[in-house]
$ cat work_5.cif   # mmCIF, C-alpha atoms and all ligand atoms
data_protein
#
loop_
_atom_site.group_PDB
_atom_site.id
_atom_site.type_symbol
_atom_site.label_atom_id
_atom_site.label_comp_id
_atom_site.auth_asym_id
_atom_site.auth_seq_id
_atom_site.Cartn_x
_atom_site.Cartn_y
_atom_site.Cartn_z
ATOM 1 C CA MET F 1 100.722 100.655 134.139
ATOM 2 C CA ALA F 2 101.182 101.591 130.499
ATOM 3 C CA VAL F 3 98.397 100.900 127.984
ATOM 4 C CA PHE F 4 100.954 99.670 125.467
ATOM 5 C CA ASP F 5 104.338 98.372 126.465
ATOM 6 C CA VAL F 6 106.018 97.349 123.225
ATOM 7 C CA GLU F 7 109.442 95.785 123.272
ATOM 8 C CA ASN F 8 111.743 95.184 120.336
ATOM 9 C CA LEU F 9 108.773 94.536 118.057
ATOM 10 C CA LYS F 10 109.490 93.184 114.592
ATOM 11 C CA VAL F 11 106.572 93.177 112.169
ATOM 12 C CA GLY F 12 106.250 92.300 108.511
ATOM 13 C CA TYR F 13 104.349 90.422 105.867
ATOM 14 C CA GLY F 14 105.159 86.767 105.256
ATOM 15 C CA LYS F 15 108.950 86.667 105.443
ATOM 16 C CA LEU F 16 109.488 90.365 104.708
ATOM 17 C CA GLU F 17 110.457 92.305 107.828
ATOM 18 C CA ILE F 18 109.297 95.948 107.758
ATOM 19 C CA LEU F 19 109.700 97.048 111.384
ATOM 20 C CA HIS F 20 113.121 96.137 112.714
ATOM 21 C CA GLY F 21 112.684 96.174 116.477
ATOM 22 C CA VAL F 22 110.531 98.993 117.817
ATOM 23 C CA THR F 23 110.352 99.806 121.539
ATOM 24 C CA PHE F 24 107.949 102.300 123.126
ATOM 25 C CA LYS F 25 105.207 102.775 125.689
ATOM 26 C CA VAL F 26 101.861 104.505 125.447
ATOM 27 C CA GLU F 27 100.542 105.775 128.775
ATOM 28 C CA LYS F 28 96.924 105.814 129.862
ATOM 29 C CA ASN F 29 94.860 108.766 128.563
ATOM 30 C CA GLU F 30 97.702 109.896 126.339
ATOM 31 C CA LEU F 31 97.480 111.132 122.750
ATOM 32 C CA PHE F 32 100.437 109.335 121.213
ATOM 33 C CA VAL F 33 101.377 110.473 117.705
ATOM 34 C CA ILE F 34 103.255 108.409 115.124
ATOM 35 C CA VAL F 35 104.756 110.244 112.146
ATOM 36 C CA GLY F 36 107.269 109.422 109.442
ATOM 37 C CA PRO F 37 107.810 109.456 105.690
ATOM 38 C CA ASN F 38 105.719 107.344 103.294
ATOM 39 C CA GLY F 39 106.584 103.676 103.532
ATOM 40 C CA SER F 40 108.332 103.989 106.887
ATOM 41 C CA GLY F 41 106.066 101.365 108.464
ATOM 42 C CA LYS F 42 103.456 103.403 110.358
ATOM 43 C CA SER F 43 100.472 101.415 109.071
ATOM 44 C CA THR F 44 102.412 98.186 109.490
ATOM 45 C CA LEU F 45 102.982 99.061 113.145
ATOM 46 C CA LEU F 46 99.272 99.633 113.767
ATOM 47 C CA LYS F 47 98.468 96.377 111.967
ATOM 48 C CA GLY F 48 100.988 94.595 114.179
ATOM 49 C CA LEU F 49 99.472 96.135 117.305
ATOM 50 C CA PHE F 50 96.021 94.955 116.214
ATOM 51 C CA GLY F 51 97.126 91.487 115.087
ATOM 52 C CA LEU F 52 96.803 91.938 111.334
ATOM 53 C CA ALA F 53 100.444 91.590 110.301
ATOM 54 C CA THR F 54 103.077 88.960 111.013
ATOM 55 C CA ILE F 55 104.892 89.432 114.326
ATOM 56 C CA MET F 56 108.488 88.339 113.752
ATOM 57 C CA GLY F 57 109.869 89.101 117.179
ATOM 58 C CA GLY F 58 109.422 91.068 120.367
ATOM 59 C CA LYS F 59 106.476 91.566 122.672
ATOM 60 C CA ILE F 60 103.281 93.623 122.984
ATOM 61 C CA LEU F 61 101.745 94.145 126.415
ATOM 62 C CA PHE F 62 98.304 95.759 126.329
ATOM 63 C CA ASN F 63 97.164 96.983 129.757
ATOM 64 C CA GLY F 64 99.702 94.612 131.264
ATOM 65 C CA GLU F 65 98.601 91.541 129.319
ATOM 66 C CA ASP F 66 100.692 89.830 126.697
ATOM 67 C CA VAL F 67 98.632 90.078 123.486
ATOM 68 C CA THR F 68 101.486 89.403 121.049
ATOM 69 C CA LYS F 69 99.900 86.241 119.701
ATOM 70 C CA LEU F 70 96.220 87.141 120.014
ATOM 71 C CA PRO F 71 94.017 87.514 116.916
ATOM 72 C CA PRO F 72 92.335 90.891 116.255
ATOM 73 C CA HIS F 73 88.908 90.001 117.704
ATOM 74 C CA GLU F 74 90.526 89.020 121.014
ATOM 75 C CA ARG F 75 92.339 92.378 121.166
ATOM 76 C CA SER F 76 89.084 94.087 120.304
ATOM 77 C CA LYS F 77 87.375 92.363 123.252
ATOM 78 C CA LYS F 78 90.037 93.855 125.502
ATOM 79 C CA GLY F 79 88.983 97.351 124.433
ATOM 80 C CA LEU F 80 91.375 98.045 121.571
ATOM 81 C CA ALA F 81 89.908 99.653 118.440
ATOM 82 C CA TYR F 82 91.564 100.180 115.067
ATOM 83 C CA HIS F 83 90.580 102.745 112.446
ATOM 84 C CA PRO F 84 92.302 101.588 109.218
ATOM 85 C CA GLN F 85 93.804 103.885 106.608
ATOM 86 C CA LEU F 86 91.710 102.430 103.765
ATOM 87 C CA ASN F 87 88.551 100.394 103.268
ATOM 88 C CA ASN F 88 87.243 101.083 106.726
ATOM 89 C CA THR F 89 83.524 100.922 105.838
ATOM 90 C CA PHE F 90 81.117 98.735 103.838
ATOM 91 C CA GLU F 91 80.388 100.826 100.755
ATOM 92 C CA ASN F 92 77.121 99.217 99.682
ATOM 93 C CA LEU F 93 75.464 99.391 103.084
ATOM 94 C CA SER F 94 73.835 102.426 104.617
ATOM 95 C CA VAL F 95 75.523 104.386 107.373
ATOM 96 C CA ARG F 96 73.061 103.006 109.902
ATOM 97 C CA GLU F 97 73.759 99.438 108.746
ATOM 98 C CA ASN F 98 77.504 99.989 109.003
ATOM 99 C CA ILE F 99 77.257 101.206 112.570
ATOM 100 C CA LEU F 100 74.787 98.516 113.651
ATOM 101 C CA LEU F 101 76.944 95.851 112.033
ATOM 102 C CA ALA F 102 79.934 97.031 114.058
ATOM 103 C CA GLY F 103 77.827 96.527 117.198
ATOM 104 C CA TYR F 104 76.538 93.083 116.157
ATOM 105 C CA PHE F 105 77.592 91.541 119.470
ATOM 106 C CA LEU F 106 75.273 93.773 121.531
ATOM 107 C CA ASP F 107 71.659 93.087 122.423
ATOM 108 C CA ARG F 108 69.014 95.354 120.958
ATOM 109 C CA ASP F 109 68.552 97.676 123.940
ATOM 110 C CA GLU F 110 72.250 98.131 124.488
ATOM 111 C CA LEU F 111 72.790 98.737 120.778
ATOM 112 C CA GLU F 112 70.162 101.476 120.770
ATOM 113 C CA ARG F 113 71.546 103.082 123.907
ATOM 114 C CA ARG F 114 75.037 103.141 122.416
ATOM 115 C CA LEU F 115 73.852 104.348 119.009
ATOM 116 C CA GLU F 116 72.268 107.351 120.706
ATOM 117 C CA LYS F 117 75.554 108.090 122.516
ATOM 118 C CA VAL F 118 77.541 107.759 119.307
ATOM 119 C CA LEU F 119 75.204 110.187 117.562
ATOM 120 C CA GLU F 120 75.629 112.657 120.402
ATOM 121 C CA PHE F 121 79.366 112.419 119.904
ATOM 122 C CA LEU F 122 79.164 112.675 116.079
ATOM 123 C CA PRO F 123 75.867 114.535 115.514
ATOM 124 C CA GLU F 124 76.803 115.343 111.900
ATOM 125 C CA ILE F 125 76.096 111.697 111.041
ATOM 126 C CA ARG F 126 72.377 112.150 111.747
ATOM 127 C CA GLY F 127 72.122 114.040 108.467
ATOM 128 C CA PHE F 128 73.145 111.026 106.346
ATOM 129 C CA MET F 129 72.204 107.961 108.411
ATOM 130 C CA ASP F 130 70.223 106.305 105.627
ATOM 131 C CA ARG F 131 72.557 106.945 102.733
ATOM 132 C CA LYS F 132 74.781 104.262 101.260
ATOM 133 C CA VAL F 133 78.384 104.860 102.264
ATOM 134 C CA ARG F 134 79.508 104.903 98.632
ATOM 135 C CA THR F 135 77.572 108.162 98.122
ATOM 136 C CA LEU F 136 79.412 109.946 100.959
ATOM 137 C CA SER F 137 82.360 112.337 100.880
ATOM 138 C CA GLY F 138 85.725 111.262 102.260
ATOM 139 C CA GLY F 139 85.160 113.143 105.499
ATOM 140 C CA GLU F 140 81.705 111.680 106.019
ATOM 141 C CA ARG F 141 83.129 108.202 105.514
ATOM 142 C CA GLN F 142 85.795 108.870 108.128
ATOM 143 C CA MET F 143 83.025 109.839 110.531
ATOM 144 C CA VAL F 144 81.228 106.560 109.825
ATOM 145 C CA ALA F 145 84.392 104.554 110.486
ATOM 146 C CA PHE F 146 84.872 106.579 113.677
ATOM 147 C CA ALA F 147 81.300 105.771 114.756
ATOM 148 C CA MET F 148 81.802 102.076 114.003
ATOM 149 C CA ASN F 149 84.570 102.029 116.568
ATOM 150 C CA MET F 150 82.767 104.168 119.124
ATOM 151 C CA ILE F 151 79.819 101.779 119.302
ATOM 152 C CA LYS F 152 82.231 99.196 120.715
ATOM 153 C CA GLU F 153 83.018 101.562 123.609
ATOM 154 C CA PRO F 154 86.762 100.902 123.435
ATOM 155 C CA ASN F 155 89.331 102.105 125.955
ATOM 156 C CA THR F 156 92.033 102.678 123.319
ATOM 157 C CA VAL F 157 91.661 103.774 119.691
ATOM 158 C CA MET F 158 94.340 103.619 117.002
ATOM 159 C CA PHE F 159 93.762 105.897 113.998
ATOM 160 C CA ASP F 160 95.616 105.510 110.710
ATOM 161 C CA GLU F 161 95.658 108.853 108.844
ATOM 162 C CA PRO F 162 92.028 109.746 109.532
ATOM 163 C CA THR F 163 92.376 113.189 107.918
ATOM 164 C CA ALA F 164 94.202 112.180 104.711
ATOM 165 C CA ALA F 165 92.798 113.981 101.663
ATOM 166 C CA LEU F 166 90.172 115.884 103.676
ATOM 167 C CA SER F 167 89.446 119.599 103.454
ATOM 168 C CA PRO F 168 91.026 121.641 106.273
ATOM 169 C CA LYS F 169 87.596 122.204 107.800
ATOM 170 C CA MET F 170 86.711 118.504 107.814
ATOM 171 C CA ALA F 171 90.191 117.596 109.094
ATOM 172 C CA ASP F 172 89.701 120.035 111.979
ATOM 173 C CA LEU F 173 86.393 118.405 112.860
ATOM 174 C CA ILE F 174 88.012 114.951 112.975
ATOM 175 C CA PHE F 175 90.945 116.270 115.030
ATOM 176 C CA ASP F 176 88.491 117.937 117.415
ATOM 177 C CA ARG F 177 86.679 114.648 118.078
ATOM 178 C CA ILE F 178 89.943 112.723 118.448
ATOM 179 C CA VAL F 179 91.054 115.169 121.118
ATOM 180 C CA LYS F 180 87.655 114.817 122.830
ATOM 181 C CA LEU F 181 88.165 111.052 123.088
ATOM 182 C CA LYS F 182 91.069 111.859 125.343
ATOM 183 C CA THR F 183 89.844 114.934 127.207
ATOM 184 C CA GLU F 184 86.140 114.122 127.634
ATOM 185 C CA TYR F 185 86.004 110.335 127.508
ATOM 186 C CA GLY F 186 89.334 109.498 129.119
ATOM 187 C CA LEU F 187 90.420 107.213 126.301
ATOM 188 C CA THR F 188 93.929 106.518 125.101
ATOM 189 C CA VAL F 189 94.651 107.439 121.490
ATOM 190 C CA VAL F 190 97.352 106.343 119.063
ATOM 191 C CA LEU F 191 97.314 108.591 116.017
ATOM 192 C CA VAL F 192 99.236 108.044 112.786
ATOM 193 C CA GLU F 193 99.162 111.277 110.787
ATOM 194 C CA GLN F 194 100.533 112.788 107.592
ATOM 195 C CA ASN F 195 99.604 116.231 108.892
ATOM 196 C CA ALA F 196 102.595 116.136 111.216
ATOM 197 C CA LYS F 197 102.360 119.759 112.324
ATOM 198 C CA LYS F 198 98.769 119.588 113.507
ATOM 199 C CA ALA F 199 99.155 116.143 115.073
ATOM 200 C CA LEU F 200 102.305 117.126 116.956
ATOM 201 C CA GLU F 201 100.615 120.289 118.234
ATOM 202 C CA LEU F 202 97.779 118.214 119.660
ATOM 203 C CA GLY F 203 99.767 115.184 120.827
ATOM 204 C CA ASP F 204 101.385 114.496 124.171
ATOM 205 C CA ARG F 205 104.244 112.308 123.040
ATOM 206 C CA ALA F 206 105.414 111.285 119.608
ATOM 207 C CA MET F 207 107.417 108.721 117.748
ATOM 208 C CA LEU F 208 109.175 109.257 114.434
ATOM 209 C CA LEU F 209 109.553 106.134 112.324
ATOM 210 C CA VAL F 210 112.034 106.035 109.455
ATOM 211 C CA THR F 211 112.508 102.861 107.393
ATOM 212 C CA GLY F 212 111.164 100.667 110.142
ATOM 213 C CA THR F 213 113.216 102.060 113.007
ATOM 214 C CA VAL F 214 112.558 104.645 115.723
ATOM 215 C CA LYS F 215 114.369 107.931 115.035
ATOM 216 C CA PHE F 216 112.720 109.902 117.823
ATOM 217 C CA LEU F 217 110.619 109.120 120.884
ATOM 218 C CA GLY F 218 109.650 111.897 123.275
ATOM 219 C CA PRO F 219 107.435 114.937 123.858
ATOM 220 C CA ALA F 220 105.469 115.873 120.729
ATOM 221 C CA ASP F 221 106.434 119.558 120.895
ATOM 222 C CA GLU F 222 110.102 118.592 121.043
ATOM 223 C CA LEU F 223 109.817 116.774 117.709
ATOM 224 C CA LEU F 224 107.793 119.629 116.237
ATOM 225 C CA THR F 225 110.621 122.088 116.918
ATOM 226 C CA HIS F 226 113.532 119.692 116.441
ATOM 227 C CA GLU F 227 116.370 121.337 114.501
ATOM 228 C CA ASP F 228 117.053 118.496 112.069
ATOM 229 C CA LEU F 229 114.355 115.861 112.283
ATOM 230 C CA ALA F 230 111.377 118.144 111.641
ATOM 231 C CA SER F 231 112.791 119.451 108.376
ATOM 232 C CA MET F 232 114.527 116.267 107.272
ATOM 233 C CA TYR F 233 111.597 113.887 107.666
ATOM 234 C CA LEU F 234 108.412 115.846 108.215
ATOM 235 C CA GLY F 235 108.678 118.763 105.828
ATOM 236 C CA LEU F 236 108.433 121.205 108.718
ATOM 237 C CA ARG F 237 110.556 124.381 109.068
ATOM 238 C CA ASP F 238 113.350 125.098 106.559
HETATM 239 N N1 LIG G 1 100.538 93.664 102.601
HETATM 240 C C1 LIG G 1 101.818 93.963 102.363
HETATM 241 N N2 LIG G 1 102.665 93.028 101.844
HETATM 242 C C2 LIG G 1 103.964 93.322 101.626
HETATM 243 N N3 LIG G 1 104.535 94.522 101.864
HETATM 244 C C3 LIG G 1 103.746 95.480 102.354
HETATM 245 C C4 LIG G 1 102.351 95.266 102.629
HETATM 246 N N4 LIG G 1 101.825 96.402 103.127
HETATM 247 C C5 LIG G 1 102.838 97.288 103.149
HETATM 248 N N5 LIG G 1 103.986 96.748 102.704
HETATM 249 C C6 LIG G 1 105.297 97.417 102.617
HETATM 250 O O1 LIG G 1 105.697 97.783 103.906
HETATM 251 C C7 LIG G 1 106.412 99.024 103.897
HETATM 252 C C8 LIG G 1 105.782 99.963 104.905
HETATM 253 O O2 LIG G 1 104.454 100.246 104.510
HETATM 254 P P1 LIG G 1 103.424 101.000 105.438
HETATM 255 O O3 LIG G 1 102.128 100.983 104.728
HETATM 256 O O4 LIG G 1 103.464 100.431 106.804
HETATM 257 O O5 LIG G 1 104.052 102.455 105.473
HETATM 258 P P2 LIG G 1 103.417 103.830 106.001
HETATM 259 O O6 LIG G 1 104.435 104.454 106.875
HETATM 260 O O7 LIG G 1 102.080 103.560 106.596
HETATM 261 O O8 LIG G 1 103.277 104.666 104.651
HETATM 262 P P3 LIG G 1 102.182 105.794 104.227
HETATM 263 O O9 LIG G 1 102.630 107.068 104.890
HETATM 264 O O10 LIG G 1 102.320 105.858 102.752
HETATM 265 O O11 LIG G 1 100.831 105.326 104.684
HETATM 266 C C9 LIG G 1 106.351 99.527 102.446
HETATM 267 O O12 LIG G 1 107.574 99.226 101.853
HETATM 268 C C10 LIG G 1 105.227 98.715 101.839
HETATM 269 O O13 LIG G 1 105.432 98.509 100.466
HETATM 270 MG MG MG G 2 100.196 104.143 106.106
#
$ encode --input "work_5.cif" --output "structure tokens"
Amino acid sequence: MAVFDVENLKVGYGKLEILHGVTFKVEKNELFVIVGPNGSGKSTLLKGLFGLATIMGGKILFNGEDVTKLPPHERSKKGLAYHPQLNNTFENLSVRENILLAGYFLDRDELERRLEKVLEFLPEIRGFMDRKVRTLSGGERQMVAFAMNMIKEPNTVMFDEPTAALSPKMADLIFDRIVKLKTEYGLTVVLVEQNAKKALELGDRAMLLVTGTVKFLGPADELLTHEDLASMYLGLRD
């Protein structure tokens, strides 16, 4: 059974339709990459999958269950996590407070057990646990947002441009951990990326979105080396 089985999904804001009928599946333990030009609807798709944008048509099955009409917290309970493109942390709280807040629903012992596991997965965070998030670099903030999702022990994580504006070294660290979610923890990952080359190298399958429609759906390496699409929409090759 697919993790996501999305059929003819139309998503928008209010009455404005942005995604005009998108159909795809994400398989279990897959790294599924979504790329496309600015404004093509990548973030809108993730918001639709998490229940944060208006669904105007179509259907979303998540692990076989129809979640099309469920609010975000119900999807979260089913093991779906969402790492937003912007504003993914509480700036005036410390890193520790951010992570503990994300695990508010856990009892104290379980929270401590999970916090230890999260810090094993993202040990870099130990060095700035008690700093306010607003004092952190962009990469450190991404790690905090990552940790806030990990404490929920999800089965599927959707990332929206987690490496945007990061140094190559920091981006590599984030990519490394995203890959580990799949290879070491057996999770399913949906990754929206502006670094199309790197994401397509790491991904299993990929989808290219252009103005709210699917232009390509297939193996990630096929899109990476595609004669026309890679240069036309992703700035790859000549
Ligand atoms: N809250 C909103 N209300 C109305 N329109 C919106 C809203 N958010 C986004 N849009 C519009 O939806 C379209 C798609 O935006 P979206 O953010 O999904 O694109 P994207 O592919 O994620 O772009 P980027 O690569 O820049 O992140 C754009 O035309 C944008 O202006
Ligand atoms: Mg976006």
$ resolve_selection --input "work_5.cif" --expression "the PyMOL selection byres (((chain F and resi 23) around 7) and not hetatm)" --output "list in words"
Val6, Glu7, Asn8, Leu9, Gly21, Val22 and Phe24 of chain F
$ residues_near_ligand --input "work_5.cif" --ligand "ligand LIG 1 (chain G)" --cutoff "10 Å" --atoms "all atoms listed in the file" --output "VMD selection string"
chain F and resid 11 to 19 34 to 48 52 to 54 85 to 86 160 to 161 164 192 to 194 209 to 212
$ atom_distance --input "work_5.cif" --atom1 "CA of Leu101 (chain F)" --atom2 "CA of Tyr82 (chain F)"
15.5 Å
$ atom_distance --input "work_5.cif" --atom1 "CA of Lys59 (chain F)" --atom2 "CA of Val214 (chain F)"
16.0 Å
$ closest_residue --input "work_5.cif" --among "F:Leu208, F:Leu111, F:Leu217, F:Asp130" --to "Met232 (chain F)" --atoms "only C-alpha atoms"
F:Leu208
$ resolve_selection --input "work_5.cif" --expression "the PyMOL selection byres (((chain F and resi 98) around 12) and not hetatm)" --output "number ranges by chain"
F: 88-97, 99-104, 115, 125, 129-134, 141, 143-149, 151
$ resolve_selection --input "work_5.cif" --expression "the PyMOL selection byres (((chain F and resi 230) around 12) and not hetatm)" --output "PDB file with C-alpha atoms, keeping the file's coordinate frame"
ATOM      1  CA  VAL F  35     104.756 110.244 112.146  1.00  0.00           C
ATOM      2  CA  GLY F  36     107.269 109.422 109.442  1.00  0.00           C
ATOM      3  CA  PRO F  37     107.810 109.456 105.690  1.00  0.00           C
ATOM      4  CA  ALA F 196     102.595 116.136 111.216  1.00  0.00           C
ATOM      5  CA  LYS F 197     102.360 119.759 112.324  1.00  0.00           C
ATOM      6  CA  LEU F 200     102.305 117.126 116.956  1.00  0.00           C
ATOM      7  CA  MET F 207     107.417 108.721 117.748  1.00  0.00           C
ATOM      8  CA  LEU F 208     109.175 109.257 114.434  1.00  0.00           C
ATOM      9  CA  LYS F 215     114.369 107.931 115.035  1.00  0.00           C
ATOM     10  CA  PHE F 216     112.720 109.902 117.823  1.00  0.00           C
ATOM     11  CA  ALA F 220     105.469 115.873 120.729  1.00  0.00           C
ATOM     12  CA  ASP F 221     106.434 119.558 120.895  1.00  0.00           C
ATOM     13  CA  GLU F 222     110.102 118.592 121.043  1.00  0.00           C
ATOM     14  CA  LEU F 223     109.817 116.774 117.709  1.00  0.00           C
ATOM     15  CA  LEU F 224     107.793 119.629 116.237  1.00  0.00           C
ATOM     16  CA  THR F 225     110.621 122.088 116.918  1.00  0.00           C
ATOM     17  CA  HIS F 226     113.532 119.692 116.441  1.00  0.00           C
ATOM     18  CA  GLU F 227     116.370 121.337 114.501  1.00  0.00           C
ATOM     19  CA  ASP F 228     117.053 118.496 112.069  1.00  0.00           C
ATOM     20  CA  LEU F 229     114.355 115.861 112.283  1.00  0.00           C
ATOM     21  CA  SER F 231     112.791 119.451 108.376  1.00  0.00           C
ATOM     22  CA  MET F 232     114.527 116.267 107.272  1.00  0.00           C
ATOM     23  CA  TYR F 233     111.597 113.887 107.666  1.00  0.00           C
ATOM     24  CA  LEU F 234     108.412 115.846 108.215  1.00  0.00           C
ATOM     25  CA  GLY F 235     108.678 118.763 105.828  1.00  0.00           C
ATOM     26  CA  LEU F 236     108.433 121.205 108.718  1.00  0.00           C
ATOM     27  CA  ARG F 237     110.556 124.381 109.068  1.00  0.00           C
ATOM     28  CA  ASP F 238     113.350 125.098 106.559  1.00  0.00           C
TER      29      ASP F 238
END
$ axis_aligned_box --input "work_5.cif" --around "region 62-66 of chain F" --padding-each-side "4 Å" --output "AutoDock Vina command-line options"
--center_x 98.9 --center_y 93.4 --center_z 128.8 --size_x 11.5 --size_y 15.2 --size_z 12.9
$ residues_near_point --input "work_5.cif" --point "(88.5, 108.4, 124.2)" --cutoff "10 Å" --atoms "all atoms listed in the file" --output "CSV table (one decimal) with C-alpha atoms, in the coordinates of the input"
chain,number,residue,atom,x,y,z
F,29,ASN,CA,94.9,108.8,128.6
F,30,GLU,CA,97.7,109.9,126.3
F,31,LEU,CA,97.5,111.1,122.8
F,150,MET,CA,82.8,104.2,119.1
F,153,GLU,CA,83.0,101.6,123.6
F,154,PRO,CA,86.8,100.9,123.4
F,155,ASN,CA,89.3,102.1,126.0
F,156,THR,CA,92.0,102.7,123.3
F,157,VAL,CA,91.7,103.8,119.7
F,177,ARG,CA,86.7,114.6,118.1
F,178,ILE,CA,89.9,112.7,118.4
F,179,VAL,CA,91.1,115.2,121.1
F,180,LYS,CA,87.7,114.8,122.8
F,181,LEU,CA,88.2,111.1,123.1
F,182,LYS,CA,91.1,111.9,125.3
F,183,THR,CA,89.8,114.9,127.2
F,184,GLU,CA,86.1,114.1,127.6
F,185,TYR,CA,86.0,110.3,127.5
F,186,GLY,CA,89.3,109.5,129.1
F,187,LEU,CA,90.4,107.2,126.3
F,188,THR,CA,93.9,106.5,125.1
F,189,VAL,CA,94.7,107.4,121.5
$ closest_residue --input "work_5.cif" --among "F:Gly57, F:Val26, F:Leu49, F:Pro219" --to "Leu70 (chain F)" --atoms "all atoms listed in the file"
F:Leu49
$ closest_residue --input "work_5.cif" --among "F:Leu61, F:Met1, F:Leu80, F:Leu191" --to "ligand MG 2 (chain G)" --atoms "all atoms listed in the file"
F:Leu191
$ closest_residue --input "work_5.cif" --among "F:Leu173, F:Ala199, F:Ala81, F:Met56" --to "Phe159 (chain F)" --atoms "only C-alpha atoms"
F:Ala81
$ atom_distance --input "work_5.cif" --atom1 "CA of Val190 (chain F)" --atom2 "CA of Phe32 (chain F)"
4.8 Å
$ residues_around --input "work_5.cif" --residues "Phe62 (chain F)" --least-positions-apart "2" --cutoff "8 Å" --atoms "all atoms listed in the file" --output "PyMOL selection string"
chain F and resi 2-5+60+64-67
$ write_last_selection --input "work_5.cif" --atoms "C-alpha atoms" --output "PDB file, in the frame of the given file"
ATOM      1  CA  ALA F   2     101.182 101.591 130.499  1.00  0.00           C
ATOM      2  CA  VAL F   3      98.397 100.900 127.984  1.00  0.00           C
ATOM      3  CA  PHE F   4     100.954  99.670 125.467  1.00  0.00           C
ATOM      4  CA  ASP F   5     104.338  98.372 126.465  1.00  0.00           C
ATOM      5  CA  ILE F  60     103.281  93.623 122.984  1.00  0.00           C
ATOM      6  CA  GLY F  64      99.702  94.612 131.264  1.00  0.00           C
ATOM      7  CA  GLU F  65      98.601  91.541 129.319  1.00  0.00           C
ATOM      8  CA  ASP F  66     100.692  89.830 126.697  1.00  0.00           C
ATOM      9  CA  VAL F  67      98.632  90.078 123.486  1.00  0.00           C
TER      10      VAL F  67
END
$ decode --input "work_5.cif" --residues "region 31-36 of chain F" --atoms "all heavy atoms" --output "compact mmCIF listing (two decimals), in the first residue's frame"
# COMPACT_ATOMS: atom_id res chain seq x y z
N LEU F 31 12.18 8.19 -0.90
CA LEU F 31 12.52 9.62 -0.85
C LEU F 31 11.96 10.23 -2.12
O LEU F 31 12.50 10.04 -3.22
CB LEU F 31 14.03 9.82 -0.72
CG LEU F 31 14.61 11.23 -0.75
CD1 LEU F 31 13.82 12.22 0.07
CD2 LEU F 31 16.04 11.21 -0.28
N PHE F 32 10.84 10.91 -1.96
CA PHE F 32 10.09 11.45 -3.10
C PHE F 32 10.37 12.94 -3.20
O PHE F 32 10.10 13.70 -2.26
CB PHE F 32 8.59 11.18 -2.88
CG PHE F 32 7.72 11.56 -4.04
CD1 PHE F 32 7.58 10.71 -5.13
CD2 PHE F 32 7.03 12.77 -4.05
CE1 PHE F 32 6.75 11.05 -6.21
CE2 PHE F 32 6.22 13.12 -5.12
CZ PHE F 32 6.08 12.26 -6.20
N VAL F 33 10.90 13.37 -4.34
CA VAL F 33 11.36 14.75 -4.50
C VAL F 33 10.37 15.55 -5.37
O VAL F 33 9.91 15.06 -6.40
CB VAL F 33 12.76 14.77 -5.15
CG1 VAL F 33 13.21 16.19 -5.45
CG2 VAL F 33 13.77 14.08 -4.23
N ILE F 34 10.06 16.76 -4.90
CA ILE F 34 9.19 17.64 -5.69
C ILE F 34 9.98 18.89 -6.05
O ILE F 34 10.52 19.57 -5.17
CB ILE F 34 7.92 18.04 -4.91
CG1 ILE F 34 7.13 16.78 -4.51
CG2 ILE F 34 7.04 18.98 -5.74
CD1 ILE F 34 5.96 17.06 -3.56
N VAL F 35 10.12 19.15 -7.35
CA VAL F 35 10.84 20.33 -7.83
C VAL F 35 9.96 21.11 -8.80
O VAL F 35 8.93 20.61 -9.27
CB VAL F 35 12.18 19.93 -8.52
CG1 VAL F 35 13.19 19.41 -7.51
CG2 VAL F 35 11.94 18.91 -9.62
N GLY F 36 10.39 22.32 -9.08
CA GLY F 36 9.64 23.16 -10.03
C GLY F 36 10.01 24.61 -9.81
O GLY F 36 10.54 24.97 -8.76
